[in-house]
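Read through the structure below, which is laid out as structure tokens, and then see the notes.
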Amino acid sequence: MNNGFSAPVNYWGSIDGLTPKSSSDGKTSSVAEAPNEYGDTVAHDVYGEVLAPSTEYAVTGEVDLSDIVLGSIHTIGTGAAAKKLMLTQVQISTQASNPPTVTISGVEVEATATAKRTYALAGTLTPRSKAQDVCGAFTASANFTQINTTAAVDPHVQTVKGVPVASDASHGRIEVQATLTDPTGNGAITAAQAGGFTVTASPAETDPDANYITRAATATKYLTGTEAA
């Protein structure tokens, strides 16, 4: 086997039902430049190399979303090469006649980081090739054909010379974008308010030539964080 053949990195630990499919380290760095009187650069330094990694997963079994915690801290690597990462976003893509995928991403934080404020998720994702409202955001009177769910927090990373030295998280939320096909012309999408969701992008109707009406809407739920003990 070719030694250069891709081997995805699982940045976020073992999660039942998810198998790593691809990954990216999202590595970036900054550059400081010193100009002369003409504005030409006469000296420069590269500093602050940090990761912003993501892993895409195939859904190979039932996934309990409570196993994925926004704001949680994870370690990749060992010894002097070890890095601490904060989990900041989960993207779940489901669609009729297509297998679901999950992408989890985050940012590098300080070497001594511990979880300070976290946000729990709830729901179940299955490996079925269909649109899945995994968080129970909507009710509808027609058939959903695509539902994409994004759960995220805002990371707050303090740096000195580009190196993370402190971190925190806030503003946990779940955003669900749904599309349905309306063969009767009387379909509707409403938020499942009992689940804490509200429609934040009003249902939009599309009337294509020689095809059925489609409707799309976005619902959002704002999460309550938990402080570390």
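Ordering of the structure tokens sets the chain letters (A, B, ...); residue numbers start at 1 within each chain; ligands are numbered from 1 in the order shown.
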
task: Find the residues around Leu125 (chain A) up to 8 Å (only C-alpha atoms counted), leave out those fewer than 3 positions away in its own chain, and share them as a ChimeraX atom specification.
output: /A:62-65,132,134

Those same residues, written as a compact mmCIF listing (two decimals), in the first residue's frame with N, CA, C and O atoms?
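What follows is the written file result11.txt:
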```txt
# COMPACT_ATOMS: atom_id res chain seq x y z
N GLU A 62 -26.15 3.73 15.13
CA GLU A 62 -26.95 4.75 15.79
C GLU A 62 -26.08 5.65 16.63
O GLU A 62 -25.22 5.17 17.39
N VAL A 63 -26.27 6.95 16.50
CA VAL A 63 -25.45 7.94 17.21
C VAL A 63 -26.31 8.65 18.26
O VAL A 63 -27.35 9.23 17.92
N ASP A 64 -25.88 8.61 19.50
CA ASP A 64 -26.51 9.36 20.58
C ASP A 64 -25.81 10.72 20.65
O ASP A 64 -24.64 10.80 21.00
N LEU A 65 -26.53 11.79 20.30
CA LEU A 65 -25.89 13.10 20.21
C LEU A 65 -25.39 13.60 21.56
O LEU A 65 -24.56 14.51 21.61
N GLN A 132 -33.46 13.47 8.24
CA GLN A 132 -33.68 13.17 9.65
C GLN A 132 -33.66 14.46 10.47
O GLN A 132 -32.67 15.19 10.46
N VAL A 134 -33.04 15.29 13.61
CA VAL A 134 -32.45 14.60 14.76
C VAL A 134 -32.72 15.31 16.09
O VAL A 134 -32.67 14.68 17.15
```

message: So that I can see what lies close to Thr200 (chain A), please list as a ChimeraX atom specification the residues with an atom at most 9 Å from it, counting only C-alpha atoms and leaving out residues fewer than 3 positions away in the same chain.
response: /A:175,197,217-220

Keeping only all heavy atoms, write those residues as a PDB file, in the first residue's frame.
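Final output, saved to out_7.pdb:
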```
ATOM      1  N   GLU A 175     -29.044  25.195  14.962  1.00  0.00           N
ATOM      2  CA  GLU A 175     -29.768  25.732  13.807  1.00  0.00           C
ATOM      3  C   GLU A 175     -30.101  24.580  12.867  1.00  0.00           C
ATOM      4  O   GLU A 175     -29.213  23.808  12.500  1.00  0.00           O
ATOM      5  CB  GLU A 175     -28.928  26.778  13.085  1.00  0.00           C
ATOM      6  CG  GLU A 175     -29.649  27.453  11.924  1.00  0.00           C
ATOM      7  CD  GLU A 175     -28.801  28.520  11.263  1.00  0.00           C
ATOM      8  OE1 GLU A 175     -28.838  29.683  11.720  1.00  0.00           O
ATOM      9  OE2 GLU A 175     -28.089  28.178  10.298  1.00  0.00           O
ATOM     10  N   PHE A 197     -37.608  25.233  19.972  1.00  0.00           N
ATOM     11  CA  PHE A 197     -37.203  25.832  18.697  1.00  0.00           C
ATOM     12  C   PHE A 197     -38.183  26.916  18.267  1.00  0.00           C
ATOM     13  O   PHE A 197     -39.383  26.834  18.548  1.00  0.00           O
ATOM     14  CB  PHE A 197     -37.133  24.765  17.603  1.00  0.00           C
ATOM     15  CG  PHE A 197     -35.923  23.888  17.670  1.00  0.00           C
ATOM     16  CD1 PHE A 197     -35.930  22.726  18.426  1.00  0.00           C
ATOM     17  CD2 PHE A 197     -34.773  24.218  16.985  1.00  0.00           C
ATOM     18  CE1 PHE A 197     -34.816  21.912  18.504  1.00  0.00           C
ATOM     19  CE2 PHE A 197     -33.645  23.414  17.051  1.00  0.00           C
ATOM     20  CZ  PHE A 197     -33.670  22.253  17.815  1.00  0.00           C
ATOM     21  N   ALA A 217     -37.245  26.222   5.447  1.00  0.00           N
ATOM     22  CA  ALA A 217     -37.297  27.069   6.635  1.00  0.00           C
ATOM     23  C   ALA A 217     -36.126  26.736   7.545  1.00  0.00           C
ATOM     24  O   ALA A 217     -35.501  25.674   7.432  1.00  0.00           O
ATOM     25  CB  ALA A 217     -38.614  26.886   7.384  1.00  0.00           C
ATOM     26  N   THR A 218     -35.836  27.658   8.458  1.00  0.00           N
ATOM     27  CA  THR A 218     -34.780  27.464   9.449  1.00  0.00           C
ATOM     28  C   THR A 218     -35.364  27.676  10.836  1.00  0.00           C
ATOM     29  O   THR A 218     -36.091  28.647  11.070  1.00  0.00           O
ATOM     30  CB  THR A 218     -33.615  28.449   9.230  1.00  0.00           C
ATOM     31  OG1 THR A 218     -33.064  28.236   7.930  1.00  0.00           O
ATOM     32  CG2 THR A 218     -32.525  28.261  10.278  1.00  0.00           C
ATOM     33  N   ALA A 219     -35.039  26.765  11.748  1.00  0.00           N
ATOM     34  CA  ALA A 219     -35.445  26.894  13.141  1.00  0.00           C
ATOM     35  C   ALA A 219     -34.204  26.900  14.018  1.00  0.00           C
ATOM     36  O   ALA A 219     -33.216  26.216  13.717  1.00  0.00           O
ATOM     37  CB  ALA A 219     -36.371  25.764  13.561  1.00  0.00           C
ATOM     38  N   THR A 220     -34.247  27.660  15.102  1.00  0.00           N
ATOM     39  CA  THR A 220     -33.099  27.807  15.995  1.00  0.00           C
ATOM     40  C   THR A 220     -33.514  27.561  17.443  1.00  0.00           C
ATOM     41  O   THR A 220     -34.611  27.954  17.854  1.00  0.00           O
ATOM     42  CB  THR A 220     -32.487  29.215  15.864  1.00  0.00           C
ATOM     43  OG1 THR A 220     -32.116  29.438  14.494  1.00  0.00           O
ATOM     44  CG2 THR A 220     -31.254  29.373  16.745  1.00  0.00           C
TER      45      THR A 220
END
```

Would you tabulate, counting only C-alpha atoms, all residues of region 32-147 of chain A that have an atom at most 6 Å from an atom of region 178-183 of chain A, showing the closest pair of atoms and their distance in Å to one decimal, sorted by chain then ascending number, as JSON lines?
```
{"residue": "A:Ala142", "atom": "CA", "partner": "A:Asp182", "partner_atom": "CA", "distance": 5.5}
{"residue": "A:Asn143", "atom": "CA", "partner": "A:Leu180", "partner_atom": "CA", "distance": 5.3}
{"residue": "A:Phe144", "atom": "CA", "partner": "A:Leu180", "partner_atom": "CA", "distance": 4.0}
{"residue": "A:Thr145", "atom": "CA", "partner": "A:Leu180", "partner_atom": "CA", "distance": 5.2}
{"residue": "A:Gln146", "atom": "CA", "partner": "A:Thr179", "partner_atom": "CA", "distance": 5.2}
{"residue": "A:Ile147", "atom": "CA", "partner": "A:Ala178", "partner_atom": "CA", "distance": 4.4}
```

Restricting the output to all heavy atoms, write the selected residues as a short mmCIF file (atom, residue, chain, number, x, y, z; two decimals), in the first residue's frame.
```cif
data_model
loop_
_atom_site.label_atom_id
_atom_site.label_comp_id
_atom_site.auth_asym_id
_atom_site.auth_seq_id
_atom_site.Cartn_x
_atom_site.Cartn_y
_atom_site.Cartn_z
N ALA A 142 -45.90 17.80 4.89
CA ALA A 142 -45.43 17.20 3.65
C ALA A 142 -44.11 16.51 3.94
O ALA A 142 -43.68 16.43 5.10
CB ALA A 142 -45.28 18.27 2.56
N ASN A 143 -43.46 16.00 2.91
CA ASN A 143 -42.28 15.16 3.10
C ASN A 143 -41.00 15.97 3.10
O ASN A 143 -40.66 16.63 2.12
CB ASN A 143 -42.22 14.12 1.98
CG ASN A 143 -43.42 13.20 1.97
OD1 ASN A 143 -43.85 12.73 3.01
ND2 ASN A 143 -43.97 12.98 0.79
N PHE A 144 -40.24 15.89 4.22
CA PHE A 144 -38.92 16.49 4.23
C PHE A 144 -38.00 15.72 3.28
O PHE A 144 -37.98 14.49 3.28
CB PHE A 144 -38.30 16.44 5.63
CG PHE A 144 -38.90 17.42 6.61
CD1 PHE A 144 -39.49 16.98 7.79
CD2 PHE A 144 -38.85 18.78 6.35
CE1 PHE A 144 -40.02 17.88 8.70
CE2 PHE A 144 -39.39 19.70 7.25
CZ PHE A 144 -39.99 19.24 8.41
N THR A 145 -37.25 16.45 2.48
CA THR A 145 -36.30 15.82 1.58
C THR A 145 -34.85 16.09 1.98
O THR A 145 -33.95 15.37 1.57
CB THR A 145 -36.50 16.30 0.13
OG1 THR A 145 -36.46 17.73 0.11
CG2 THR A 145 -37.85 15.82 -0.40
N GLN A 146 -34.62 17.13 2.78
CA GLN A 146 -33.27 17.44 3.24
C GLN A 146 -33.36 18.20 4.57
O GLN A 146 -34.16 19.13 4.70
CB GLN A 146 -32.51 18.30 2.22
CG GLN A 146 -31.07 18.58 2.60
CD GLN A 146 -30.29 19.23 1.47
OE1 GLN A 146 -30.84 19.52 0.40
NE2 GLN A 146 -29.02 19.44 1.67
N ILE A 147 -32.58 17.77 5.55
CA ILE A 147 -32.50 18.47 6.83
C ILE A 147 -31.04 18.52 7.25
O ILE A 147 -30.39 17.48 7.38
CB ILE A 147 -33.32 17.78 7.93
CG1 ILE A 147 -34.79 17.69 7.53
CG2 ILE A 147 -33.19 18.55 9.25
CD1 ILE A 147 -35.66 16.97 8.55
#
```

Compile a residue-level contact table for region 105-192 of chain A against region 6-24 of chain A at a cut-off of 10 Å, reporting for every qualifying residue the shortest atom pair and its distance in Å to one decimal, with only C-alpha atoms counted, rows ordered by chain and ascending number, as JSON lines.
```
{"residue": "A:Ser105", "atom": "CA", "partner": "A:Trp12", "partner_atom": "CA", "distance": 8.4}
{"residue": "A:Gly106", "atom": "CA", "partner": "A:Tyr11", "partner_atom": "CA", "distance": 9.0}
{"residue": "A:Leu125", "atom": "CA", "partner": "A:Gly17", "partner_atom": "CA", "distance": 8.7}
{"residue": "A:Thr126", "atom": "CA", "partner": "A:Gly17", "partner_atom": "CA", "distance": 8.2}
{"residue": "A:Pro127", "atom": "CA", "partner": "A:Gly17", "partner_atom": "CA", "distance": 8.2}
```

Restricting the output to C-alpha atoms, write the selected residues as a short mmCIF file (atom, residue, chain, number, x, y, z; two decimals), in the first residue's frame.
```cif
data_model
loop_
_atom_site.label_atom_id
_atom_site.label_comp_id
_atom_site.auth_asym_id
_atom_site.auth_seq_id
_atom_site.Cartn_x
_atom_site.Cartn_y
_atom_site.Cartn_z
CA SER A 105 -14.67 20.85 14.15
CA GLY A 106 -12.93 23.01 16.71
CA LEU A 125 -29.00 9.99 14.33
CA THR A 126 -29.30 6.72 12.41
CA PRO A 127 -27.38 5.44 9.37
#
```

message: Quick one: residues within 6 Å of region 152-161 of chain A, only C-alpha atoms, excluding same-chain residues fewer than 5 positions away - as a PyMOL selection string?
response: chain A and resi 88-89+166-173

So that I have them on file, write out the residues from the current selection with N, CA and C atoms, as an mmCIF file, in the first residue's frame.
```cif
data_model
loop_
_atom_site.group_PDB
_atom_site.id
_atom_site.type_symbol
_atom_site.label_atom_id
_atom_site.label_comp_id
_atom_site.auth_asym_id
_atom_site.auth_seq_id
_atom_site.Cartn_x
_atom_site.Cartn_y
_atom_site.Cartn_z
ATOM 1 N N THR A 88 -16.110 22.919 18.895
ATOM 2 C CA THR A 88 -16.938 24.115 18.749
ATOM 3 C C THR A 88 -18.117 23.971 17.798
ATOM 4 N N GLN A 89 -18.125 22.946 16.934
ATOM 5 C CA GLN A 89 -19.218 22.857 15.956
ATOM 6 C C GLN A 89 -19.453 21.415 15.528
ATOM 7 N N ALA A 166 -5.371 31.213 27.130
ATOM 8 C CA ALA A 166 -6.596 31.067 27.914
ATOM 9 C C ALA A 166 -7.761 30.909 26.945
ATOM 10 N N SER A 167 -8.829 30.246 27.400
ATOM 11 C CA SER A 167 -9.960 30.010 26.500
ATOM 12 C C SER A 167 -11.258 29.842 27.282
ATOM 13 N N ASP A 168 -12.356 30.078 26.595
ATOM 14 C CA ASP A 168 -13.685 29.917 27.157
ATOM 15 C C ASP A 168 -14.656 29.753 25.982
ATOM 16 N N ALA A 169 -15.920 29.495 26.273
ATOM 17 C CA ALA A 169 -16.929 29.331 25.222
ATOM 18 C C ALA A 169 -18.256 29.901 25.696
ATOM 19 N N SER A 170 -19.081 30.344 24.728
ATOM 20 C CA SER A 170 -20.411 30.857 25.052
ATOM 21 C C SER A 170 -21.302 30.759 23.819
ATOM 22 N N HIS A 171 -22.570 31.172 23.970
ATOM 23 C CA HIS A 171 -23.524 31.301 22.860
ATOM 24 C C HIS A 171 -23.789 29.958 22.176
ATOM 25 N N GLY A 172 -24.136 28.949 22.960
ATOM 26 C CA GLY A 172 -24.497 27.666 22.374
ATOM 27 C C GLY A 172 -25.845 27.738 21.684
ATOM 28 N N ARG A 173 -25.939 27.135 20.493
ATOM 29 C CA ARG A 173 -27.212 27.150 19.768
ATOM 30 C C ARG A 173 -27.237 26.003 18.762
#
```

- prompt: For Gly225 (chain A), which residue among A:Gly71, A:Pro100, A:Gly48, A:Pro208 is the nearest when counting only C-alpha atoms?
  reply: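 Among the listed residues, the smallest separation from Gly225 (chain A) belongs to A:Gly71.
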
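Among the candidates A:Tyr38, A:Lys27, A:Ala82, A:Glu205, the residue lying nearest to Ser54 (chain A) is A:Lys27 (atoms considered: only C-alpha atoms).
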
Contacts of Ala120 (chain A) at 7 Å (only C-alpha atoms; same-chain gap of 5+ positions) as number ranges by chain: A: 66, 69-70

task: If you run DSSP over the backbone, which residues in region 33-161 of chain A end up strand (DSSP E)? Put them as a VMD selection string.
output: chain A and resid 33 to 35 41 to 50 54 to 59 63 to 64 69 to 70 73 to 76 83 to 95 98 to 109 117 to 120 124 to 125 138 to 140 143 to 160

query: Skipping near chain neighbours, those fewer than 6 positions away, what residues fall within 12 Å of Thr112 (chain A) using only C-alpha atoms, listed as a ChimeraX atom specification?
result: /A:73-75,82-86,164-167

Between CA of Ser72 (chain A) and CA of Lys116 (chain A) - distance in Å to one decimal: 8.2 Å

- request: Using CA of Asn98 (chain A) and CA of Ala131 (chain A) as the two end points, give the distance in Å to one decimal.
  value: 8.5 Å

query: Of the candidates A:Ala111, A:Leu87, A:Ala192, A:Leu121, which shows the shortest atom-to-atom distance to Ile174 (chain A), using only C-alpha atoms?
result: A:Leu121

task: Would you mind listing what lies within 10 Å of Glu33 (chain A) as a ChimeraX atom specification, with only C-alpha atoms counted and same-chain residues fewer than 4 positions away left out?
output: /A:40-46

Take the residues from that selection and write them out as a PDB file, in the first residue's frame, keeping all heavy atoms.
```pdb
ATOM      1  N   ASP A  40       8.602  48.619   1.387  1.00  0.00           N
ATOM      2  CA  ASP A  40       9.074  47.275   1.098  1.00  0.00           C
ATOM      3  C   ASP A  40       9.348  46.539   2.409  1.00  0.00           C
ATOM      4  O   ASP A  40       9.818  47.138   3.388  1.00  0.00           O
ATOM      5  CB  ASP A  40      10.370  47.309   0.279  1.00  0.00           C
ATOM      6  CG  ASP A  40      10.198  48.036  -1.049  1.00  0.00           C
ATOM      7  OD1 ASP A  40       9.068  48.034  -1.572  1.00  0.00           O
ATOM      8  OD2 ASP A  40      11.192  48.608  -1.535  1.00  0.00           O
ATOM      9  N   THR A  41       9.102  45.260   2.431  1.00  0.00           N
ATOM     10  CA  THR A  41       9.360  44.463   3.622  1.00  0.00           C
ATOM     11  C   THR A  41      10.845  44.130   3.703  1.00  0.00           C
ATOM     12  O   THR A  41      11.411  43.536   2.779  1.00  0.00           O
ATOM     13  CB  THR A  41       8.525  43.166   3.608  1.00  0.00           C
ATOM     14  OG1 THR A  41       7.139  43.517   3.615  1.00  0.00           O
ATOM     15  CG2 THR A  41       8.836  42.281   4.802  1.00  0.00           C
ATOM     16  N   VAL A  42      11.467  44.492   4.819  1.00  0.00           N
ATOM     17  CA  VAL A  42      12.900  44.243   5.003  1.00  0.00           C
ATOM     18  C   VAL A  42      13.165  43.192   6.077  1.00  0.00           C
ATOM     19  O   VAL A  42      14.287  42.710   6.219  1.00  0.00           O
ATOM     20  CB  VAL A  42      13.643  45.552   5.365  1.00  0.00           C
ATOM     21  CG1 VAL A  42      13.578  46.525   4.187  1.00  0.00           C
ATOM     22  CG2 VAL A  42      13.057  46.189   6.621  1.00  0.00           C
ATOM     23  N   ALA A  43      12.156  42.839   6.842  1.00  0.00           N
ATOM     24  CA  ALA A  43      12.278  41.771   7.831  1.00  0.00           C
ATOM     25  C   ALA A  43      10.892  41.199   8.091  1.00  0.00           C
ATOM     26  O   ALA A  43       9.886  41.909   7.982  1.00  0.00           O
ATOM     27  CB  ALA A  43      12.881  42.297   9.130  1.00  0.00           C
ATOM     28  N   HIS A  44      10.854  39.918   8.395  1.00  0.00           N
ATOM     29  CA  HIS A  44       9.568  39.310   8.706  1.00  0.00           C
ATOM     30  C   HIS A  44       9.765  38.107   9.620  1.00  0.00           C
ATOM     31  O   HIS A  44      10.848  37.510   9.656  1.00  0.00           O
ATOM     32  CB  HIS A  44       8.829  38.883   7.434  1.00  0.00           C
ATOM     33  CG  HIS A  44       9.434  37.700   6.745  1.00  0.00           C
ATOM     34  ND1 HIS A  44      10.536  37.807   5.925  1.00  0.00           N
ATOM     35  CD2 HIS A  44       9.098  36.380   6.768  1.00  0.00           C
ATOM     36  CE1 HIS A  44      10.856  36.615   5.460  1.00  0.00           C
ATOM     37  NE2 HIS A  44       9.993  35.726   5.962  1.00  0.00           N
ATOM     38  N   ASP A  45       8.723  37.795  10.366  1.00  0.00           N
ATOM     39  CA  ASP A  45       8.710  36.623  11.230  1.00  0.00           C
ATOM     40  C   ASP A  45       7.362  35.928  11.126  1.00  0.00           C
ATOM     41  O   ASP A  45       6.317  36.582  11.100  1.00  0.00           O
ATOM     42  CB  ASP A  45       8.961  37.012  12.693  1.00  0.00           C
ATOM     43  CG  ASP A  45      10.433  37.246  12.983  1.00  0.00           C
ATOM     44  OD1 ASP A  45      11.178  36.254  13.011  1.00  0.00           O
ATOM     45  OD2 ASP A  45      10.817  38.422  13.168  1.00  0.00           O
ATOM     46  N   VAL A  46       7.422  34.611  11.060  1.00  0.00           N
ATOM     47  CA  VAL A  46       6.218  33.789  11.080  1.00  0.00           C
ATOM     48  C   VAL A  46       6.006  33.313  12.517  1.00  0.00           C
ATOM     49  O   VAL A  46       6.930  32.833  13.167  1.00  0.00           O
ATOM     50  CB  VAL A  46       6.346  32.579  10.143  1.00  0.00           C
ATOM     51  CG1 VAL A  46       5.080  31.721  10.183  1.00  0.00           C
ATOM     52  CG2 VAL A  46       6.623  33.047   8.712  1.00  0.00           C
TER      53      VAL A  46
END
```

statement: Across A:Pro203, A:Gly4, A:Pro53, A:Gly195, the smallest distance to Asp25 (chain A), with only C-alpha atoms counted, is shown by A:Pro53

List every residue of region 3-168 of chain A that DSSP, applied to the backbone, labels as helix (DSSP H, G or I), and write the result as a PDB file with N, CA and C atoms, in the first residue's frame.
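The resulting file, result.pdb, is shown below:
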```pdb
ATOM      1  N   LEU A  65     -26.528  11.787  20.300  1.00  0.00           N
ATOM      2  CA  LEU A  65     -25.893  13.100  20.214  1.00  0.00           C
ATOM      3  C   LEU A  65     -25.393  13.602  21.563  1.00  0.00           C
ATOM      4  N   SER A  66     -25.855  13.007  22.665  1.00  0.00           N
ATOM      5  CA  SER A  66     -25.349  13.420  23.971  1.00  0.00           C
ATOM      6  C   SER A  66     -23.889  13.032  24.161  1.00  0.00           C
ATOM      7  N   ASP A  67     -23.361  12.172  23.260  1.00  0.00           N
ATOM      8  CA  ASP A  67     -21.940  11.806  23.308  1.00  0.00           C
ATOM      9  C   ASP A  67     -21.050  12.905  22.740  1.00  0.00           C
ATOM     10  N   GLY A  79       2.992  13.557  24.585  1.00  0.00           N
ATOM     11  CA  GLY A  79       4.246  14.185  24.984  1.00  0.00           C
ATOM     12  C   GLY A  79       4.322  15.640  24.576  1.00  0.00           C
ATOM     13  N   ALA A  80       5.507  16.056  24.119  1.00  0.00           N
ATOM     14  CA  ALA A  80       5.735  17.456  23.744  1.00  0.00           C
ATOM     15  C   ALA A  80       4.917  17.867  22.527  1.00  0.00           C
ATOM     16  N   ALA A  81       4.478  16.884  21.740  1.00  0.00           N
ATOM     17  CA  ALA A  81       3.707  17.184  20.523  1.00  0.00           C
ATOM     18  C   ALA A  81       2.207  17.264  20.793  1.00  0.00           C
TER      19      ALA A  81
END
```
